[in-house]
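Before any comments, here is the structure.
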Amino acid sequence: MKRPRGKGVTMRRGDKGFDAAVLATSFSGRDPGRRPDIYVQANNTADVVAAVKRAREEGQKISLCSGGHSWAQNHLRAGGLLLDLSRLNSIDINAGARTARVGPGCWSVDLDRALKRLGLFFPVAHAPDVCLGGFLLQGGFGWNSRAFGLACESVIGVDVVLADGSQVHASSRENTDLYWAARGAGPGFFGVVTTFHLKLHDRPKVTAMTLQVFPERWLEDVFTWAHEIGPSVARSVEFQILITPKTLFTGKPGVEVLAPVMTNSWADARGDTAFMRQSPLRKRASVSTPLLPLSTMRMSEAAAQTHFPPKMHWCVDNMWTDAPIADLLPGLRRVSETLPPAPSHALWLNWQPDRARPDMAFSMEAGFYFAAYGEWRSALDDARYGNWATDRISEMAHLGKGIQLADENLGRRPARFMSDANRARLEQVRAQYDPDGRFNSYASAS
Ligand SMILES: Cc1cc2nc3c(=O)[nH]c(=O)nc-3n(C[C@H](O)[C@H](O)[C@H](O)COP(=O)(O)OP(=O)(O)OC[C@H]3O[C@@H](n4cnc5c(N)ncnc54)[C@H](O)[C@@H]3O)c2cc1C
């Protein structure tokens with residue numbers, strides 16, 4: 001993505017440059033064919049209020065985007081007003097109070113870099129240009145989230161423009177239902193967040209990573225080992241496995257076992273990643289690296305270059321699972337054998353929640369997370385690869401508990417993304433704050 005340039009403008013369908021400007025809001029290069037009637041690039045909160053009032057007067061539905069990283073391009077709907085918040089990208093840090101106020105258009109890497117200078121930390125997303133708007137609303141699995149919690153757990157307040165154009169603050173003391181919804185509703189939120197108020201953390205002193213690469217034939221052994229040790233892996237380690245048609249260093253199909261770690265000492269980092277050195281499978285690895293110091297920024301940039309290049313066409317799907325590994329293995333093998341060309345890949349993540357979360361809309365998680373990322377360069381391949389991720393996850397869905405909204409695909413495959421009680425409560429809160437349904441809700445497959 002590119003950072004927004006120049007003063008934001010308003011365009012109508014049919015205006016010169018309208019199509020290009022609308023499509024440029026999206027990380028995905030796919031053109032879903034859907035277009036709004038009006039496209040507003042807000043420069044400030046006053047523009048947001050004006051746009052919401054305009055939509056209300058003209059009877060238009062509103063869709064929203066901050067960084068446009070929704071794989072499903074949730075903000076591109078047929079008709080209505082598309083409100084682009086990418087210019088609301090301010091960062092205001094109060095180091096003494098260990099808090100920050102950030103705009104929804106703030107890039108993850110920009111906040112990470114600004115905090116690093118102050119020895120502070122926030123669990124931002126793993127790709128540099130993912131914006132805090134969509135990331136925080138859906139929950140936010142960020143750097144070191146296994147230790148610090150989902151990013152939305154560190155949101156202490158939100159400033160919101162509501163469907164009637166009024167401005168409110170929501171926190172654990174004010175407009176508590178709205179605050180509850182803002183921590184997990186994701187693309188189903190029913191207001192415009194113009195500022196997030198964040199609690200900051202001390203920055204772990206050591207950030208490092210160790211990696212092992214295995215040929216595809218060892219897939220079952222690697223996943224069986226990982227499932228067995230996953231629950232005992234320290235929370236400082238984001239233990240994960242990528243299934244890829246082009247592994248690092250070898251360029252061949254296989255699995256990459258990664259263990260990024262964030263701790264306060266090198267001894268802790270070595271201790272927490274000892275399971276990698278001591279793995280009985282290590283001798284079968286084609287490549288095994290030592291523990292190397294690597295900043296979150298460098299890791300994010302590397303991930304963006306290798307796995308998330310810009311303007312690819314995407315189809316992504318996912319599931320949370322607690323299923324036994326023996327049941328999962330056939331599906332994992334099939335994913336590996338049917339992967340579209342690189343940089344398509346699949347991610348298995350050792351999540352292992354170990355404590356009750358605060359009362360918030362986010363309420364779906366399990367021991368392991370699995371997501372399939374199909375990506376291709378040309379519209380000519382849309383038909384060939386466009387359903388790969390949906391098809392593979394559909395085949396395994398009976399082994400899942402539900403999905404994470406970060407990688408949602410609801411427009412193609414309906415799935416459960418919250419507890420039933422929270423889903424019902426969310427609709428009650430929506431009815432209270434947005435009785436006319438001014439804001440588009442979740443995409444549906446119908
Ligand atoms: C390359 C890449 C890497 C990713 N890495 C991670 C990761 O490490 N961890 C993780 O948890 N997720 C990750 N994601 C998923 C990402 O967090 C979600 O797609 C998120 O919605 C992106 O936020 P955005 O503002 O960039 O996207 P947008 O597409 O702009 O936002 C998604 C939806 O959120 C709502 N929304 C956005 N801004 C606002 C606002 N200000 N007010 C109200 N509603 C709003 C809208 O409904 C919008 O359609 C990644 C996605 C990509 C493409």
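Chain identifiers are assigned as A, B, and so on, following the order in which chains appear in the structure tokens; residues are numbered from 1 within each chain, and ligands are numbered from 1 in order of appearance.
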**Item:** Given 6 Å and only C-alpha atoms and all ligand atoms, residues near ligand 1 as a PyMOL selection string
**Value:** chain A and resi 64-71+74-75+104+125-127+130-135+140-142+186-189+191-194+308+406-407
**Message:** Just checking: using only C-alpha atoms, which residue out of A:Asn144, A:Thr45, A:Gln138, A:Gln60 ends up closest to Val160 (chain A)?
**Reply:** A:Thr45
**Request:** Would you please give, as a ChimeraX atom specification, all residues of region 133-243 of chain A that DSSP assigns to strand (DSSP E or B) based on the backbone?
**Result:** /A:155-161,167-171,192-199,201-202,206-215,237,240-243
**Request:** Pick out the residues sitting within 6 Å of region 4-11 of chain A, and hand them over as a list in words; count only C-alpha atoms, and ignore anything fewer than 5 positions along from it in its own chain.
**Result:**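 Counting only C-alpha atoms, the residues come to Ile38, Tyr39, Val40, Gln41, Ala42 and Asn43 of chain A.
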